[in-house]
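One file, query_30.tsv, carrying TSV, C-alpha atoms:
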```tsv
chain	number	residue	atom	x	y	z
A	1	MET	CA	18.41	35.82	-28.07
A	2	ASN	CA	17.27	32.24	-28.55
A	3	HIS	CA	14.33	31.64	-30.86
A	4	GLU	CA	12.57	28.31	-30.71
A	5	SER	CA	11.97	26.61	-34.02
A	6	THR	CA	8.46	25.94	-35.25
A	7	SER	CA	8.90	22.20	-34.97
A	8	TYR	CA	10.02	22.54	-31.33
A	9	LYS	CA	6.99	24.71	-30.51
A	10	VAL	CA	4.69	22.14	-32.10
A	11	PHE	CA	6.40	19.40	-30.09
A	12	LYS	CA	5.92	21.32	-26.82
A	13	VAL	CA	2.25	21.94	-27.53
A	14	ALA	CA	1.66	18.31	-28.48
A	15	ASN	CA	3.57	17.15	-25.40
A	16	ILE	CA	1.51	19.38	-23.10
A	17	VAL	CA	-1.75	18.22	-24.68
A	18	PHE	CA	-0.74	14.56	-24.45
A	19	LEU	CA	0.34	14.81	-20.80
A	20	SER	CA	-2.80	16.77	-19.90
A	21	VAL	CA	-5.01	14.08	-21.45
A	22	LEU	CA	-2.99	11.36	-19.70
A	23	VAL	CA	-3.34	13.10	-16.32
A	24	PHE	CA	-7.08	13.51	-16.85
A	25	ILE	CA	-7.49	9.83	-17.75
A	26	MET	CA	-5.62	8.81	-14.58
A	27	VAL	CA	-7.30	11.29	-12.21
A	28	PHE	CA	-10.88	11.12	-13.53
A	29	PRO	CA	-11.77	7.70	-11.98
A	30	PHE	CA	-10.71	8.88	-8.52
A	31	LEU	CA	-12.58	12.20	-8.87
A	32	ASN	CA	-15.64	10.32	-10.07
A	33	VAL	CA	-15.59	8.04	-7.02
A	34	LEU	CA	-15.05	11.10	-4.82
A	35	ALA	CA	-18.08	12.78	-6.37
A	36	TYR	CA	-20.26	9.72	-5.77
A	37	ALA	CA	-18.99	9.49	-2.18
A	38	PHE	CA	-20.17	13.02	-1.41
A	39	ASN	CA	-23.33	12.90	-3.50
A	40	ASP	CA	-26.82	12.02	-2.28
A	41	PRO	CA	-27.38	8.30	-3.02
A	42	LEU	CA	-30.90	8.78	-4.40
A	43	ASP	CA	-29.66	11.47	-6.76
A	44	SER	CA	-26.71	9.29	-7.83
A	45	GLN	CA	-29.12	6.64	-9.11
A	46	PHE	CA	-30.13	8.99	-11.93
A	47	GLY	CA	-26.53	8.92	-13.23
A	48	GLY	CA	-24.69	11.79	-14.84
A	49	ILE	CA	-22.22	12.30	-11.97
A	50	THR	CA	-18.82	13.31	-13.32
A	51	ILE	CA	-16.14	14.88	-11.10
A	52	TYR	CA	-18.26	16.91	-8.68
A	53	PRO	CA	-21.27	16.01	-6.51
A	54	ARG	CA	-24.65	17.24	-7.68
A	55	VAL	CA	-26.35	17.06	-4.27
A	56	PHE	CA	-23.64	17.36	-1.62
A	57	THR	CA	-23.97	15.27	1.55
A	58	PHE	CA	-21.88	13.68	4.33
A	59	ASN	CA	-24.45	10.95	5.01
A	60	ASN	CA	-22.47	8.24	3.22
A	61	PHE	CA	-19.44	8.75	5.47
A	62	MET	CA	-21.58	9.16	8.59
A	63	LEU	CA	-23.27	5.82	7.95
A	64	LEU	CA	-19.94	4.17	7.19
A	65	PHE	CA	-18.37	5.24	10.49
A	66	GLN	CA	-21.46	4.27	12.47
A	67	ASN	CA	-20.57	0.65	11.68
A	68	GLN	CA	-18.43	-0.66	14.54
A	69	GLU	CA	-17.01	-3.40	12.33
A	70	VAL	CA	-15.59	-0.80	9.96
A	71	ILE	CA	-14.11	1.22	12.82
A	72	HIS	CA	-12.47	-1.87	14.30
A	73	ALA	CA	-11.16	-2.95	10.89
A	74	LEU	CA	-9.65	0.52	10.39
A	75	TRP	CA	-7.89	0.22	13.76
A	76	ILE	CA	-6.54	-3.24	12.86
A	77	SER	CA	-5.23	-1.88	9.55
A	78	LEU	CA	-3.51	1.06	11.24
A	79	CYS	CA	-1.89	-1.24	13.81
A	80	ARG	CA	-0.80	-3.59	11.05
A	81	VAL	CA	0.77	-0.79	9.01
A	82	ALA	CA	2.60	0.67	12.02
A	83	ALA	CA	3.90	-2.61	13.45
A	84	GLY	CA	4.49	-4.39	10.14
A	85	THR	CA	6.31	-1.49	8.50
A	86	THR	CA	8.53	-0.83	11.51
A	87	LEU	CA	9.56	-4.48	11.91
A	88	ALA	CA	10.08	-5.06	8.18
A	89	VAL	CA	12.27	-1.99	7.67
A	90	LEU	CA	14.39	-2.81	10.74
A	91	VAL	CA	14.85	-6.47	9.73
A	92	GLN	CA	15.65	-5.67	6.10
A	93	TYR	CA	18.05	-2.89	7.02
A	94	ALA	CA	19.88	-5.05	9.57
A	95	CYS	CA	20.21	-7.87	7.02
A	96	ALA	CA	21.43	-5.44	4.37
A	97	TYR	CA	24.07	-4.07	6.73
A	98	ALA	CA	25.21	-7.60	7.59
A	99	PHE	CA	25.67	-8.38	3.90
A	100	THR	CA	27.93	-5.34	3.49
A	101	LEU	CA	30.44	-6.66	6.04
A	102	LYS	CA	33.37	-8.17	4.18
A	103	ASP	CA	34.41	-10.46	7.03
A	104	VAL	CA	31.11	-12.39	7.08
A	105	THR	CA	31.84	-16.02	6.17
A	106	GLY	CA	29.68	-17.56	3.44
A	107	ARG	CA	28.03	-14.28	2.49
A	108	GLY	CA	27.72	-15.20	-1.19
A	109	ALA	CA	26.35	-18.68	-0.53
A	110	LEU	CA	23.78	-17.32	1.92
A	111	LEU	CA	22.66	-14.72	-0.63
A	112	ILE	CA	22.15	-17.45	-3.24
A	113	PHE	CA	20.20	-19.49	-0.68
A	114	LEU	CA	17.87	-16.52	-0.14
A	115	ILE	CA	17.45	-15.90	-3.88
A	116	ILE	CA	16.16	-19.42	-4.61
A	117	PRO	CA	12.71	-18.93	-2.98
A	118	MET	CA	12.15	-15.90	-5.21
A	119	TYR	CA	11.95	-18.24	-8.22
A	120	PHE	CA	10.57	-21.41	-6.62
A	121	ASN	CA	7.62	-20.65	-4.38
A	122	GLY	CA	6.04	-23.40	-2.30
A	123	GLY	CA	2.49	-22.31	-3.13
A	124	LEU	CA	-0.58	-21.47	-1.10
A	125	ILE	CA	-1.29	-24.86	0.51
A	126	PRO	CA	2.24	-25.46	1.93
A	127	THR	CA	2.28	-21.87	3.16
A	128	TYR	CA	-1.05	-22.36	4.90
A	129	LEU	CA	0.21	-25.58	6.53
A	130	ILE	CA	3.38	-23.88	7.75
A	131	TYR	CA	1.44	-20.96	9.23
A	132	SER	CA	-0.85	-23.44	10.99
A	133	GLU	CA	2.06	-25.41	12.41
A	134	LEU	CA	3.71	-22.21	13.64
A	135	HIS	CA	0.39	-21.10	15.18
A	136	VAL	CA	0.46	-17.71	13.45
A	137	SER	CA	-2.60	-18.44	11.31
A	138	ASN	CA	-5.71	-16.61	12.48
A	139	THR	CA	-3.63	-14.29	14.68
A	140	PHE	CA	-2.44	-10.72	14.28
A	141	TRP	CA	1.12	-11.98	13.75
A	142	VAL	CA	0.18	-13.50	10.39
A	143	TYR	CA	0.08	-9.94	9.05
A	144	ILE	CA	3.55	-9.05	10.29
A	145	LEU	CA	6.00	-11.95	10.69
A	146	PRO	CA	5.78	-13.70	7.27
A	147	VAL	CA	6.48	-10.46	5.35
A	148	SER	CA	9.04	-8.97	7.73
A	149	PHE	CA	11.81	-9.87	5.27
A	150	SER	CA	11.96	-9.12	1.56
A	151	LEU	CA	15.10	-10.08	-0.37
A	152	TYR	CA	14.30	-7.55	-3.09
A	153	ASN	CA	14.11	-4.67	-0.60
A	154	MET	CA	17.18	-5.95	1.25
A	155	VAL	CA	19.26	-5.97	-1.93
A	156	ILE	CA	18.25	-2.40	-2.74
A	157	ILE	CA	19.17	-1.25	0.78
A	158	ARG	CA	22.45	-3.17	0.54
A	159	SER	CA	23.31	-1.46	-2.73
A	160	TYR	CA	22.58	1.89	-1.14
A	161	LEU	CA	24.84	1.11	1.84
A	162	PHE	CA	27.70	0.41	-0.55
A	163	THR	CA	27.62	4.11	-1.51
A	164	ILE	CA	28.55	5.07	2.07
A	165	PRO	CA	32.37	5.23	2.50
A	166	ASP	CA	33.84	2.32	4.43
A	167	SER	CA	36.18	4.72	6.19
A	168	LEU	CA	33.31	5.98	8.37
A	169	GLY	CA	32.66	2.55	9.82
A	170	GLU	CA	36.34	1.70	10.10
A	171	SER	CA	37.15	4.87	12.03
A	172	ALA	CA	34.24	4.21	14.41
A	173	ARG	CA	35.41	0.62	14.89
A	174	ILE	CA	38.90	1.87	15.79
A	175	ASP	CA	37.30	4.09	18.43
A	176	GLY	CA	35.70	1.01	19.99
A	177	ALA	CA	32.24	1.01	18.40
A	178	ASN	CA	30.59	-2.33	17.66
A	179	ASP	CA	28.56	-3.18	14.56
A	180	PHE	CA	25.24	-2.31	16.18
A	181	THR	CA	26.49	1.16	17.12
A	182	ILE	CA	27.98	1.70	13.66
A	183	MET	CA	24.72	0.66	11.99
A	184	THR	CA	22.45	2.79	14.18
A	185	ARG	CA	24.66	5.83	14.77
A	186	ILE	CA	26.47	6.17	11.43
A	187	TYR	CA	24.77	4.25	8.64
A	188	MET	CA	21.12	4.82	9.52
A	189	PRO	CA	21.29	8.65	9.64
A	190	LEU	CA	22.96	8.57	6.22
A	191	SER	CA	20.35	6.15	4.84
A	192	MET	CA	17.19	8.18	5.38
A	193	PRO	CA	16.34	8.37	1.63
A	194	ILE	CA	16.32	4.59	1.14
A	195	ILE	CA	14.65	4.03	4.53
A	196	ALA	CA	11.87	6.43	3.52
A	197	VAL	CA	11.38	4.59	0.22
A	198	MET	CA	11.21	1.19	1.91
A	199	THR	CA	8.86	2.57	4.56
A	200	LEU	CA	6.44	3.80	1.92
A	201	TRP	CA	6.64	0.59	-0.12
A	202	THR	CA	6.03	-1.58	2.93
A	203	ALA	CA	3.27	0.63	4.34
A	204	VAL	CA	1.42	0.65	1.01
A	205	TYR	CA	1.65	-3.16	0.85
A	206	HIS	CA	0.29	-3.62	4.38
A	207	TRP	CA	-2.47	-1.07	3.82
A	208	ASN	CA	-3.66	-2.48	0.49
A	209	ASP	CA	-3.30	-6.21	1.23
A	210	TRP	CA	-6.53	-8.14	1.81
A	211	THR	CA	-5.57	-11.60	0.54
A	212	THR	CA	-3.78	-12.45	3.80
A	213	THR	CA	-7.05	-11.96	5.65
A	214	LEU	CA	-8.89	-14.01	3.04
A	215	TYR	CA	-6.51	-16.98	3.22
A	216	TYR	CA	-5.37	-17.12	6.83
A	217	VAL	CA	-7.85	-15.24	9.06
A	218	THR	CA	-11.36	-16.26	10.08
A	219	ASN	CA	-11.64	-14.22	13.26
A	220	HIS	CA	-13.87	-11.21	12.53
A	221	LYS	CA	-11.98	-9.17	15.12
A	222	LEU	CA	-8.85	-9.40	12.95
A	223	PHE	CA	-10.42	-8.31	9.66
A	224	THR	CA	-8.65	-5.39	8.00
A	225	MET	CA	-10.16	-2.37	6.31
A	226	GLN	CA	-9.26	-3.56	2.84
A	227	TYR	CA	-10.90	-6.94	3.44
A	228	ILE	CA	-14.06	-5.20	4.63
A	229	LEU	CA	-13.93	-3.05	1.49
A	230	MET	CA	-13.62	-6.19	-0.65
A	231	GLN	CA	-16.68	-7.65	1.07
A	232	ILE	CA	-18.63	-4.45	0.50
A	233	LEU	CA	-17.65	-4.44	-3.17
A	234	LYS	CA	-18.79	-8.05	-3.60
A	235	GLU	CA	-21.99	-7.43	-1.66
A	236	GLY	CA	-22.70	-4.30	-3.71
A	237	GLU	CA	-22.26	-6.23	-6.93
A	238	ARG	CA	-24.57	-8.97	-5.68
A	239	VAL	CA	-27.27	-6.51	-4.56
A	240	ALA	CA	-27.03	-4.56	-7.80
A	241	LYS	CA	-27.41	-7.76	-9.82
A	242	LEU	CA	-30.45	-8.84	-7.80
A	243	MET	CA	-32.06	-5.42	-8.19
A	244	GLU	CA	-31.38	-5.47	-11.94
A	245	GLU	CA	-32.97	-8.91	-12.27
A	246	ALA	CA	-35.95	-7.77	-10.21
A	247	LEU	CA	-36.48	-4.72	-12.39
A	248	MET	CA	-36.30	-6.85	-15.53
A	249	LYS	CA	-39.09	-9.02	-14.07
A	250	ASN	CA	-41.11	-5.92	-13.04
A	251	ILE	CA	-40.71	-6.76	-9.36
A	252	THR	CA	-40.88	-3.83	-6.98
A	253	VAL	CA	-37.78	-3.72	-4.77
A	254	VAL	CA	-38.27	-2.35	-1.27
A	255	SER	CA	-35.09	-1.74	0.68
A	256	SER	CA	-35.18	-2.31	4.41
A	257	GLY	CA	-33.15	-0.51	7.03
A	258	GLN	CA	-31.68	2.55	5.29
A	259	PRO	CA	-33.68	3.20	2.09
A	260	HIS	CA	-31.77	6.40	1.35
A	261	ILE	CA	-28.41	4.61	1.19
A	262	THR	CA	-27.28	2.56	-1.79
A	263	PRO	CA	-24.42	0.02	-2.06
A	264	GLN	CA	-22.68	2.29	-4.57
A	265	ALA	CA	-22.67	5.20	-2.11
A	266	ILE	CA	-21.16	3.14	0.71
A	267	ARG	CA	-18.67	1.55	-1.67
A	268	SER	CA	-17.49	4.96	-2.93
A	269	ALA	CA	-17.17	6.35	0.61
A	270	ASN	CA	-15.18	3.30	1.68
A	271	ILE	CA	-12.79	3.63	-1.26
A	272	ILE	CA	-12.11	7.26	-0.38
A	273	VAL	CA	-11.50	6.43	3.29
A	274	THR	CA	-9.00	3.70	2.42
A	275	SER	CA	-7.19	5.93	-0.10
A	276	ILE	CA	-6.74	8.99	2.11
A	277	PRO	CA	-3.81	7.72	4.28
A	278	ILE	CA	-1.65	6.91	1.25
A	279	LEU	CA	-2.49	10.24	-0.38
A	280	ILE	CA	-1.45	12.03	2.81
A	281	ILE	CA	1.81	10.13	3.38
A	282	TYR	CA	3.09	10.02	-0.20
A	283	PRO	CA	3.85	13.77	-0.70
A	284	PHE	CA	6.04	13.82	2.43
A	285	LEU	CA	8.17	10.89	1.22
A	286	GLN	CA	8.20	11.66	-2.49
A	287	ARG	CA	11.31	13.84	-2.28
A	288	PHE	CA	13.34	10.83	-1.11
A	289	PHE	CA	12.35	8.67	-4.06
A	290	VAL	CA	14.75	9.87	-6.76
A	291	LYS	CA	17.78	9.89	-4.48
A	292	GLY	CA	16.91	6.66	-2.70
A	293	ILE	CA	16.09	4.58	-5.76
A	294	THR	CA	18.91	6.00	-7.89
A	295	LEU	CA	21.64	5.36	-5.32
A	296	GLY	CA	20.05	2.04	-4.34
A	297	ALA	CA	20.34	0.86	-7.93
A	298	VAL	CA	24.11	1.48	-8.08
A	299	LYS	CA	26.22	-1.55	-7.29
A	300	GLU	CA	29.76	-1.44	-6.04
```

Reformat the file's structure so that it appears as structure tokens.
Amino acid sequence: MNHESTSYKVFKVANIVFLSVLVFIMVFPFLNVLAYAFNDPLDSQFGGITIYPRVFTFNNFMLLFQNQEVIHALWISLCRVAAGTTLAVLVQYACAYAFTLKDVTGRGALLIFLIIPMYFNGGLIPTYLIYSELHVSNTFWVYILPVSFSLYNMVIIRSYLFTIPDSLGESARIDGANDFTIMTRIYMPLSMPIIAVMTLWTAVYHWNDWTTTLYYVTNHKLFTMQYILMQILKEGERVAKLMEEALMKNITVVSSGQPHITPQAIRSANIIVTSIPILIIYPFLQRFFVKGITLGAVKE
């Protein structure tokens, strides 16, 4: 019968306490925002909200989804995630497969050519000029085409493909299969772990990105959900600052429109709405992470 030593028991207790505190520190901000999102805005102004709403209400979310601009921005974001993720994963996987073929001439030189831009970026202004010349600026394609290829992701996929035996592709090629058939019928079904990882990485990038809209889009019909959230955050900060200055000067502030709604309430509801898709998708893809990243990090 194994008996744990006193020092090991102390270590386990300390480890559990440390990890519990760490989890609480990481989860508390999200729970606090969630509580504010479901709490009555007038009650929230008194403070003291922790991880649960004091006066429960759905009004914050109802008001948020009554705004047609928010609904349209949510649709643009969903379309961007679906189209951008699909194209990026297909392009990166096809490039990775091409770089595994030993009979490709100049494979090493081409890889070096692709690595150079990772260290020497042209900057924002040249990028803006190129997008303008290509007529992708201020269009939906500016969200998808420029980020359809990532050398970092391609190299990880390529490393993963090296773990698949060459004999599978060679036997299929003897039977008359071409490279496209080998890639789609043999390699892709065996690459689901790394494809799932790249899908999640790319989807999270597309969902969270708002700087592309800021730099290259002026059409309000192409604004994404994250850009709208950024605007709400800035507007909330501006309104809060004005109200604080007014109170310091003993000026009575009368809110027009919706007096029972505060910028903080809308901001909290918007943060929850934009976080939900990632929280839903992540658990389904998490099981692929260890296998996908571990094998993708092994080089032949």

- Could you name the residues that touch region 103-114 of chain A at 10 Å or less, counting only C-alpha atoms, but leaving out those on the same chain fewer than 4 positions away, as a ChimeraX atom specification? /A:98-99,118,150-151,155

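Our summary of the geometry notes that CA of His206 (chain A) is positioned 11.7 Å from CA of Tyr227 (chain A).
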
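Using all atoms listed in the file, the residues found no farther than 12 Å from Tyr282 (chain A), other than those of its own chain fewer than 6 positions away, are Ala196, Val197, Thr199, Leu200, Trp201, Ala203, Val204, Ser275, Ile276, Phe288 and Phe289 of chain A.
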
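Remark: for Ala269 (chain A), the closest of the candidate residues A:Gln45, A:Asn39, A:Thr202, A:Asn219 is A:Asn39 (distances computed over all atoms listed in the file).
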
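With distances taken over all atoms listed in the file, A:Ala96 is the one residue among A:Ala96, A:Ala37, A:Ala172, A:Val55 lying closest to Ser159 (chain A).
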
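CA of Thr86 (chain A) sits 13.9 Å away from CA of Met188 (chain A).
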
- What separation in Å, quoted to one decimal, exists between CA of Val21 (chain A) and CA of Gly48 (chain A)? 20.9 Å

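Distance check against Tyr215 (chain A) using only C-alpha atoms: of A:Val142, A:Phe46, A:Met192, A:Glu170, the minimum falls on A:Val142.
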
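Taking all atoms listed in the file into account, the polymer residues that have an atom no farther than 9 Å from (-1.0, -17.4, 13.6) are Tyr131, Ser132, Glu133, Leu134, His135, Val136, Ser137, Asn138, Thr139, Phe140, Trp141, Val142, Tyr143, Tyr216 and Val217 of chain A.
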
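The nearest approach to Ala88 (chain A) among the residues A:Asn153, A:Pro126, A:Thr57, A:Pro41, with only C-alpha atoms taken into account, belongs to A:Asn153.
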
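Considering the residues A:Val10, A:Leu78, A:Ile49, A:Val27 and counting all atoms listed in the file, Leu222 (chain A) has its shortest atom-to-atom contact with A:Leu78.
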
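Of the residues listed (A:Phe11, A:Phe120, A:Phe38, A:Phe28), A:Phe38 shows the shortest atom-to-atom separation from Asn59 (chain A); distances use all atoms listed in the file.
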
Axis-aligned box for region 108-117 of chain A, 6 Å per side, centre and edges in Å as lines of an AutoDock Vina configuration file:
```
center_x = 20.2
center_y = -17.1
center_z = -1.3
size_x = 27.0
size_y = 16.8
size_z = 18.5
```
